[in-house]
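Below is start-v2.pdb, holding PDB, C-alpha atoms.
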```pdb
ATOM      1  CA  MET A  10      45.819  14.769 -99.957  1.00  0.00           C
ATOM      2  CA  ALA A  11      43.473  11.802 -99.991  1.00  0.00           C
ATOM      3  CA  ASP A  12      42.352  10.442-103.358  1.00  0.00           C
ATOM      4  CA  ARG A  13      38.768  11.575-102.800  1.00  0.00           C
ATOM      5  CA  GLN A  14      39.837  15.115-101.927  1.00  0.00           C
ATOM      6  CA  LEU A  15      42.179  15.241-104.923  1.00  0.00           C
ATOM      7  CA  ALA A  16      39.429  14.042-107.268  1.00  0.00           C
ATOM      8  CA  SER A  17      37.097  16.692-105.854  1.00  0.00           C
ATOM      9  CA  LYS A  18      39.693  19.434-106.363  1.00  0.00           C
ATOM     10  CA  ILE A  19      40.388  18.270-109.931  1.00  0.00           C
ATOM     11  CA  GLU A  20      36.635  18.326-110.663  1.00  0.00           C
ATOM     12  CA  GLU A  21      36.595  22.019-109.771  1.00  0.00           C
ATOM     13  CA  TYR A  22      38.986  22.811-112.614  1.00  0.00           C
ATOM     14  CA  ILE A  23      37.867  20.399-115.353  1.00  0.00           C
ATOM     15  CA  GLU A  24      35.428  22.827-116.951  1.00  0.00           C
ATOM     16  CA  LYS A  25      38.217  25.416-117.105  1.00  0.00           C
ATOM     17  CA  ILE A  26      40.509  23.238-119.251  1.00  0.00           C
ATOM     18  CA  HIS A  27      40.920  24.874-122.669  1.00  0.00           C
ATOM     19  CA  TYR A  28      41.045  22.737-125.818  1.00  0.00           C
ATOM     20  CA  SER A  29      42.406  24.378-128.949  1.00  0.00           C
ATOM     21  CA  ASP A  30      40.934  23.915-132.376  1.00  0.00           C
ATOM     22  CA  ARG A  31      42.586  21.156-134.363  1.00  0.00           C
ATOM     23  CA  TYR A  32      45.293  21.961-136.884  1.00  0.00           C
ATOM     24  CA  SER A  33      47.192  19.563-139.136  1.00  0.00           C
ATOM     25  CA  ASP A  34      50.070  18.787-141.448  1.00  0.00           C
ATOM     26  CA  ASP A  35      50.380  15.928-143.941  1.00  0.00           C
ATOM     27  CA  LEU A  36      50.693  13.231-141.265  1.00  0.00           C
ATOM     28  CA  TYR A  37      48.989  14.370-138.079  1.00  0.00           C
ATOM     29  CA  GLU A  38      46.256  16.490-136.645  1.00  0.00           C
ATOM     30  CA  TYR A  39      47.245  18.436-133.568  1.00  0.00           C
ATOM     31  CA  ARG A  40      45.732  20.315-130.691  1.00  0.00           C
ATOM     32  CA  HIS A  41      46.980  21.809-127.517  1.00  0.00           C
ATOM     33  CA  VAL A  42      45.319  21.625-124.148  1.00  0.00           C
ATOM     34  CA  ILE A  43      45.813  24.358-121.586  1.00  0.00           C
ATOM     35  CA  LEU A  44      45.373  23.352-117.968  1.00  0.00           C
ATOM     36  CA  PRO A  45      44.350  25.953-115.419  1.00  0.00           C
ATOM     37  CA  LYS A  46      47.511  26.709-113.438  1.00  0.00           C
ATOM     38  CA  PRO A  47      45.917  25.673-110.106  1.00  0.00           C
ATOM     39  CA  LEU A  48      45.129  22.270-111.660  1.00  0.00           C
ATOM     40  CA  LEU A  49      48.771  21.819-112.653  1.00  0.00           C
ATOM     41  CA  LYS A  50      49.650  22.117-108.962  1.00  0.00           C
ATOM     42  CA  LEU A  51      47.374  19.131-108.221  1.00  0.00           C
ATOM     43  CA  VAL A  52      49.019  16.842-110.782  1.00  0.00           C
ATOM     44  CA  PRO A  53      50.865  13.982-109.042  1.00  0.00           C
ATOM     45  CA  LYS A  54      54.599  14.603-108.589  1.00  0.00           C
ATOM     46  CA  GLU A  55      55.463  11.404-110.470  1.00  0.00           C
ATOM     47  CA  PHE A  56      54.033  12.994-113.650  1.00  0.00           C
ATOM     48  CA  PHE A  57      56.899  15.498-113.663  1.00  0.00           C
ATOM     49  CA  ASP A  58      60.425  15.228-115.035  1.00  0.00           C
ATOM     50  CA  ASP A  59      62.624  16.117-112.072  1.00  0.00           C
ATOM     51  CA  LYS A  60      65.524  17.315-114.216  1.00  0.00           C
ATOM     52  CA  ALA A  61      63.490  19.589-116.499  1.00  0.00           C
ATOM     53  CA  GLY A  62      60.892  20.640-113.933  1.00  0.00           C
ATOM     54  CA  THR A  63      58.129  20.085-116.488  1.00  0.00           C
ATOM     55  CA  LEU A  64      55.539  17.420-117.051  1.00  0.00           C
ATOM     56  CA  ARG A  65      56.893  14.298-118.675  1.00  0.00           C
ATOM     57  CA  LEU A  66      54.988  12.747-121.570  1.00  0.00           C
ATOM     58  CA  LEU A  67      51.817  11.263-120.118  1.00  0.00           C
ATOM     59  CA  SER A  68      50.061   8.052-121.077  1.00  0.00           C
ATOM     60  CA  GLU A  69      46.417   8.233-122.073  1.00  0.00           C
ATOM     61  CA  ALA A  70      45.337   6.894-118.681  1.00  0.00           C
ATOM     62  CA  GLU A  71      47.409   9.569-116.937  1.00  0.00           C
ATOM     63  CA  TRP A  72      46.148  12.566-118.915  1.00  0.00           C
ATOM     64  CA  ARG A  73      42.571  11.326-118.685  1.00  0.00           C
ATOM     65  CA  GLY A  74      43.133  10.886-114.938  1.00  0.00           C
ATOM     66  CA  ILE A  75      43.836  14.598-114.507  1.00  0.00           C
ATOM     67  CA  GLY A  76      40.607  15.550-116.259  1.00  0.00           C
ATOM     68  CA  ILE A  77      41.545  15.890-119.935  1.00  0.00           C
ATOM     69  CA  THR A  78      38.803  14.490-122.160  1.00  0.00           C
ATOM     70  CA  GLN A  79      39.281  13.916-125.870  1.00  0.00           C
ATOM     71  CA  SER A  80      38.155  11.407-128.440  1.00  0.00           C
ATOM     72  CA  LEU A  81      40.273   8.309-129.012  1.00  0.00           C
ATOM     73  CA  GLY A  82      43.645   8.255-130.716  1.00  0.00           C
ATOM     74  CA  TRP A  83      45.321  11.305-129.195  1.00  0.00           C
ATOM     75  CA  GLU A  84      48.835  11.042-127.788  1.00  0.00           C
ATOM     76  CA  HIS A  85      50.665  13.503-125.588  1.00  0.00           C
ATOM     77  CA  TYR A  86      53.751  14.000-127.737  1.00  0.00           C
ATOM     78  CA  GLU A  87      55.523  17.097-126.488  1.00  0.00           C
ATOM     79  CA  VAL A  88      55.967  19.360-123.491  1.00  0.00           C
ATOM     80  CA  HIS A  89      56.221  23.119-123.947  1.00  0.00           C
ATOM     81  CA  ALA A  90      58.821  23.993-121.291  1.00  0.00           C
ATOM     82  CA  PRO A  91      58.149  27.759-121.092  1.00  0.00           C
ATOM     83  CA  GLU A  92      54.486  27.004-120.325  1.00  0.00           C
ATOM     84  CA  PRO A  93      54.273  23.704-118.415  1.00  0.00           C
ATOM     85  CA  HIS A  94      50.480  23.946-118.218  1.00  0.00           C
ATOM     86  CA  VAL A  95      50.248  23.582-122.049  1.00  0.00           C
ATOM     87  CA  LEU A  96      50.149  19.969-123.262  1.00  0.00           C
ATOM     88  CA  LEU A  97      50.639  19.200-126.956  1.00  0.00           C
ATOM     89  CA  PHE A  98      48.705  16.328-128.519  1.00  0.00           C
ATOM     90  CA  ARG A  99      48.642  14.680-131.917  1.00  0.00           C
ATOM     91  CA  ARG A 100      47.009  11.765-133.683  1.00  0.00           C
ATOM     92  CA  ALA A 101      47.345  10.243-137.122  1.00  0.00           C
ATOM     93  CA  LYS A 102      45.482  12.290-139.690  1.00  0.00           C
ATOM     94  CA  ASN A 103      43.615   9.226-140.957  1.00  0.00           C
ATOM     95  CA  TYR A 104      42.858   7.870-137.459  1.00  0.00           C
ATOM     96  CA  ALA A 105      39.746   5.714-137.294  1.00  0.00           C
ATOM     97  CA  PRO A 106      38.550   4.526-133.877  1.00  0.00           C
ATOM     98  CA  PRO A 107      38.363   0.771-133.397  1.00  0.00           C
ATOM     99  CA  THR A 108      35.001  -0.668-134.313  1.00  0.00           C
ATOM    100  CA  GLN A 109      32.906  -3.002-132.229  1.00  0.00           C
ATOM    101  CA  PRO A 110      33.159  -6.604-133.448  1.00  0.00           C
ATOM    102  CA  GLN A 111      30.042  -7.554-135.345  1.00  0.00           C
ATOM    103  CA  PRO A 112      28.344 -10.873-134.527  1.00  0.00           C
ATOM    104  CA  ALA A 113      28.684 -13.596-137.115  1.00  0.00           C
ATOM    105  CA  PRO A 114      25.787 -13.783-139.639  1.00  0.00           C
ATOM    106  CA  ALA A 115      24.346 -16.927-137.990  1.00  0.00           C
ATOM    107  CA  ALA A 116      24.291 -15.177-134.603  1.00  0.00           C
ATOM    108  CA  ARG A 117      22.512 -12.150-136.108  1.00  0.00           C
ATOM    109  CA  GLN A 118      19.856 -14.407-137.649  1.00  0.00           C
ATOM    110  CA  ALA A 119      19.348 -16.244-134.341  1.00  0.00           C
ATOM    111  CA  ASN A 120      18.994 -12.933-132.491  1.00  0.00           C
ATOM    112  CA  ALA A 121      16.502 -11.687-135.118  1.00  0.00           C
ATOM    113  CA  ARG A 122      14.348 -14.800-134.665  1.00  0.00           C
ATOM    114  CA  LYS A 123      14.216 -14.257-130.889  1.00  0.00           C
ATOM    115  CA  LYS A 124      12.605 -10.847-131.354  1.00  0.00           C
TER     116      LYS A 124
END
```
Would you kindly transcribe this structure into C-alpha cells?
Amino acid sequence: MADRQLASKIEEYIEKIHYSDRYSDDLYEYRHVILPKPLLKLVPKEFFDDKAGTLRLLSEAEWRGIGITQSLGWEHYEVHAPEPHVLLFRRAKNYAPPTQPQPAPAARQANARKK
C-alpha cells in the first residue's frame, strides 16, 4: 500500500483510538491506549516482534506515526500480549516538558526598544 493510501486509511481510525484516564504509583503516571483492531492491521510489519506475534516497544516517532497523540514525555513501556491492540504508556510522575530557551536580558531589551 502506498504511503499516501496508508496515511489516508490511518486517518480514518485516529478518532476511534481510545485513551484511558491516567493512573499512577509513586514513580510514574500511566495510561493505556486502545487501537481500533482494523488500525492494528495497518501498522507496519517491522513494528511487530516476529517471535511473540505482538507489537514490539515503539519509539515516540513510531507510535505518533500510527496516529497516537499524547503530550510529551510518554514512553511505550509494555505490550499486553493477550490484547495486542492495547499499548501501555508511562512517564515520570514529576515530568516537566522542556521549556523554550529565553533570550538573554540584553536581547529582550533590544527587542523591546524596536517595538
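The list of residues with at least one atom within 8 Å of stretch 68-72 of chain A, based on all atoms listed in the file and without residues fewer than 6 positions apart in the same chain, reads Trp83, Glu84 and His85 of chain A.
With only C-alpha atoms as the atoms that count, the minimum distance from A:Asp30 to the choices A:Gly76, A:Pro45, A:Phe98, A:Tyr104 is reached by A:Phe98.
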query = Closest to A:Gln79 among A:Leu36, A:Leu44, A:Val95, A:Tyr28, using all atoms listed in the file?
reply = A:Tyr28
ask   = Near A:Pro93, within 12 Å and counting all atoms listed in the file, which residues show up once chain neighbours fewer than 5 positions away are dropped, as a ChimeraX atom specification?
value = /A:41-50,52,56-58,61-66,87-88
note = Separating atom CA of A:Lys18 from atom CA of A:Leu67, to the nearest tenth of an Å, is a gap of 20.1 Å
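Applied to this file, the PyMOL selection byres ((chain A and resi 35) around 10) selects Ser33, Asp34, Leu36, Tyr37, Glu38, Ala101, Lys102 and Asn103 of chain A.
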Please produce a file of those selected residues containing C-alpha atoms, as a PDB file, in the coordinates of the input.
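For reference, selection-v1.pdb as written:
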```
ATOM      1  CA  SER A  33      47.192  19.563-139.136  1.00  0.00           C
ATOM      2  CA  ASP A  34      50.070  18.787-141.448  1.00  0.00           C
ATOM      3  CA  LEU A  36      50.693  13.231-141.265  1.00  0.00           C
ATOM      4  CA  TYR A  37      48.989  14.370-138.079  1.00  0.00           C
ATOM      5  CA  GLU A  38      46.256  16.490-136.645  1.00  0.00           C
ATOM      6  CA  ALA A 101      47.345  10.243-137.122  1.00  0.00           C
ATOM      7  CA  LYS A 102      45.482  12.290-139.690  1.00  0.00           C
ATOM      8  CA  ASN A 103      43.615   9.226-140.957  1.00  0.00           C
TER       9      ASN A 103
END
```
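Using all atoms listed in the file, the protein and nucleic acid residues lying no more than 12 Å from A:Glu20, apart from those fewer than 3 places from it along its own chain, are Arg13, Gln14, Leu15, Ala16, Ser17, Ile23, Glu24, Lys25, Ile26, Pro45, Pro47, Leu48, Leu51, Gly74, Ile75, Gly76 and Ile77 of chain A.
Candidate residues A:Pro110, A:Ile19, A:Leu97, A:Ala105 were compared for distance to A:Arg31, and the nearest is A:Leu97, using all atoms listed in the file.
As for atom CA of A:Arg40 and atom CA of A:Arg99, they are spaced 6.5 Å apart.
Between A:Tyr86 and the residues A:Glu21, A:Arg73, A:Arg100, A:Tyr32, the shortest atom-to-atom distance, using all atoms listed in the file, involves A:Arg100.
Going from atom CA of A:Gly82 to atom CA of A:Thr108 covers 12.9 Å.
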Exercise on stretch 72-84 of chain A, axis-aligned box with 8 Å per side, report centre and edge lengths in Å to one decimal, as JSON:
```
{"center_x": 43.5, "center_y": 12.1, "center_z": -122.6, "size_x": 26.7, "size_y": 23.6, "size_z": 32.2}
```
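Closest to A:Leu96 among A:Tyr22, A:Tyr39, A:Asp59, A:Ser80 is A:Tyr39, based on only C-alpha atoms.
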How about completing stretch 11-40 of chain A with N, CA and C atoms and giving it to me as an mmCIF file, in the frame of the given file?
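Writing done, so here's selection-v5.cif:
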```cif
data_model
loop_
_atom_site.group_PDB
_atom_site.id
_atom_site.type_symbol
_atom_site.label_atom_id
_atom_site.label_comp_id
_atom_site.auth_asym_id
_atom_site.auth_seq_id
_atom_site.Cartn_x
_atom_site.Cartn_y
_atom_site.Cartn_z
ATOM 1 N N ALA A 11 44.130 13.070 -99.713
ATOM 2 C CA ALA A 11 43.473 11.802 -99.991
ATOM 3 C C ALA A 11 42.937 11.789 -101.416
ATOM 4 N N ASP A 12 42.811 10.585 -101.974
ATOM 5 C CA ASP A 12 42.352 10.442 -103.358
ATOM 6 C C ASP A 12 41.002 11.112 -103.587
ATOM 7 N N ARG A 13 40.100 10.978 -102.645
ATOM 8 C CA ARG A 13 38.768 11.575 -102.800
ATOM 9 C C ARG A 13 38.843 13.101 -102.822
ATOM 10 N N GLN A 14 39.667 13.660 -101.960
ATOM 11 C CA GLN A 14 39.837 15.115 -101.927
ATOM 12 C C GLN A 14 40.482 15.606 -103.212
ATOM 13 N N LEU A 15 41.493 14.868 -103.692
ATOM 14 C CA LEU A 15 42.179 15.241 -104.923
ATOM 15 C C LEU A 15 41.204 15.211 -106.092
ATOM 16 N N ALA A 16 40.411 14.154 -106.185
ATOM 17 C CA ALA A 16 39.429 14.042 -107.268
ATOM 18 C C ALA A 16 38.438 15.197 -107.215
ATOM 19 N N SER A 17 38.027 15.574 -106.019
ATOM 20 C CA SER A 17 37.097 16.692 -105.854
ATOM 21 C C SER A 17 37.733 17.999 -106.313
ATOM 22 N N LYS A 18 38.985 18.217 -105.950
ATOM 23 C CA LYS A 18 39.693 19.434 -106.363
ATOM 24 C C LYS A 18 39.852 19.472 -107.878
ATOM 25 N N ILE A 19 40.227 18.336 -108.475
ATOM 26 C CA ILE A 19 40.388 18.270 -109.931
ATOM 27 C C ILE A 19 39.067 18.589 -110.616
ATOM 28 N N GLU A 20 37.967 18.063 -110.092
ATOM 29 C CA GLU A 20 36.635 18.326 -110.663
ATOM 30 C C GLU A 20 36.351 19.822 -110.749
ATOM 31 N N GLU A 21 36.828 20.575 -109.782
ATOM 32 C CA GLU A 21 36.595 22.019 -109.771
ATOM 33 C C GLU A 21 37.189 22.705 -110.999
ATOM 34 N N TYR A 22 38.264 22.155 -111.522
ATOM 35 C CA TYR A 22 38.986 22.811 -112.614
ATOM 36 C C TYR A 22 38.709 22.228 -113.992
ATOM 37 N N ILE A 23 38.058 21.078 -114.063
ATOM 38 C CA ILE A 23 37.867 20.399 -115.353
ATOM 39 C C ILE A 23 37.177 21.289 -116.378
ATOM 40 N N GLU A 24 36.150 21.995 -115.976
ATOM 41 C CA GLU A 24 35.428 22.827 -116.951
ATOM 42 C C GLU A 24 36.250 24.030 -117.406
ATOM 43 N N LYS A 25 37.361 24.290 -116.725
ATOM 44 C CA LYS A 25 38.217 25.416 -117.105
ATOM 45 C C LYS A 25 39.381 24.998 -118.005
ATOM 46 N N ILE A 26 39.471 23.703 -118.332
ATOM 47 C CA ILE A 26 40.509 23.238 -119.251
ATOM 48 C C ILE A 26 40.161 23.757 -120.639
ATOM 49 N N HIS A 27 41.143 24.326 -121.320
ATOM 50 C CA HIS A 27 40.920 24.874 -122.669
ATOM 51 C C HIS A 27 41.484 23.911 -123.715
ATOM 52 N N TYR A 28 40.647 23.601 -124.708
ATOM 53 C CA TYR A 28 41.045 22.737 -125.818
ATOM 54 C C TYR A 28 41.112 23.589 -127.081
ATOM 55 N N SER A 29 42.271 23.585 -127.728
ATOM 56 C CA SER A 29 42.406 24.378 -128.949
ATOM 57 C C SER A 29 41.633 23.729 -130.085
ATOM 58 N N ASP A 30 41.428 24.502 -131.138
ATOM 59 C CA ASP A 30 40.934 23.915 -132.376
ATOM 60 C C ASP A 30 42.018 22.983 -132.897
ATOM 61 N N ARG A 31 41.619 22.077 -133.768
ATOM 62 C CA ARG A 31 42.586 21.156 -134.363
ATOM 63 C C ARG A 31 43.282 21.830 -135.538
ATOM 64 N N TYR A 32 44.530 21.495 -135.725
ATOM 65 C CA TYR A 32 45.293 21.961 -136.884
ATOM 66 C C TYR A 32 46.087 20.758 -137.376
ATOM 67 N N SER A 33 46.581 20.779 -138.603
ATOM 68 C CA SER A 33 47.192 19.563 -139.136
ATOM 69 C C SER A 33 48.314 19.849 -140.114
ATOM 70 N N ASP A 34 49.091 18.805 -140.377
ATOM 71 C CA ASP A 34 50.070 18.787 -141.448
ATOM 72 C C ASP A 34 49.738 17.556 -142.298
ATOM 73 N N ASP A 35 50.674 17.066 -143.077
ATOM 74 C CA ASP A 35 50.380 15.928 -143.941
ATOM 75 C C ASP A 35 50.166 14.621 -143.180
ATOM 76 N N LEU A 36 50.755 14.489 -142.000
ATOM 77 C CA LEU A 36 50.693 13.231 -141.265
ATOM 78 C C LEU A 36 49.768 13.224 -140.055
ATOM 79 N N TYR A 37 49.702 14.338 -139.357
ATOM 80 C CA TYR A 37 48.989 14.370 -138.079
ATOM 81 C C TYR A 37 48.010 15.525 -138.005
ATOM 82 N N GLU A 38 47.038 15.349 -137.101
ATOM 83 C CA GLU A 38 46.256 16.490 -136.645
ATOM 84 C C GLU A 38 46.728 16.753 -135.218
ATOM 85 N N TYR A 39 46.696 18.009 -134.842
ATOM 86 C CA TYR A 39 47.245 18.436 -133.568
ATOM 87 C C TYR A 39 46.223 19.271 -132.816
ATOM 88 N N ARG A 40 46.453 19.354 -131.531
ATOM 89 C CA ARG A 40 45.732 20.315 -130.691
ATOM 90 C C ARG A 40 46.562 20.511 -129.437
#
```
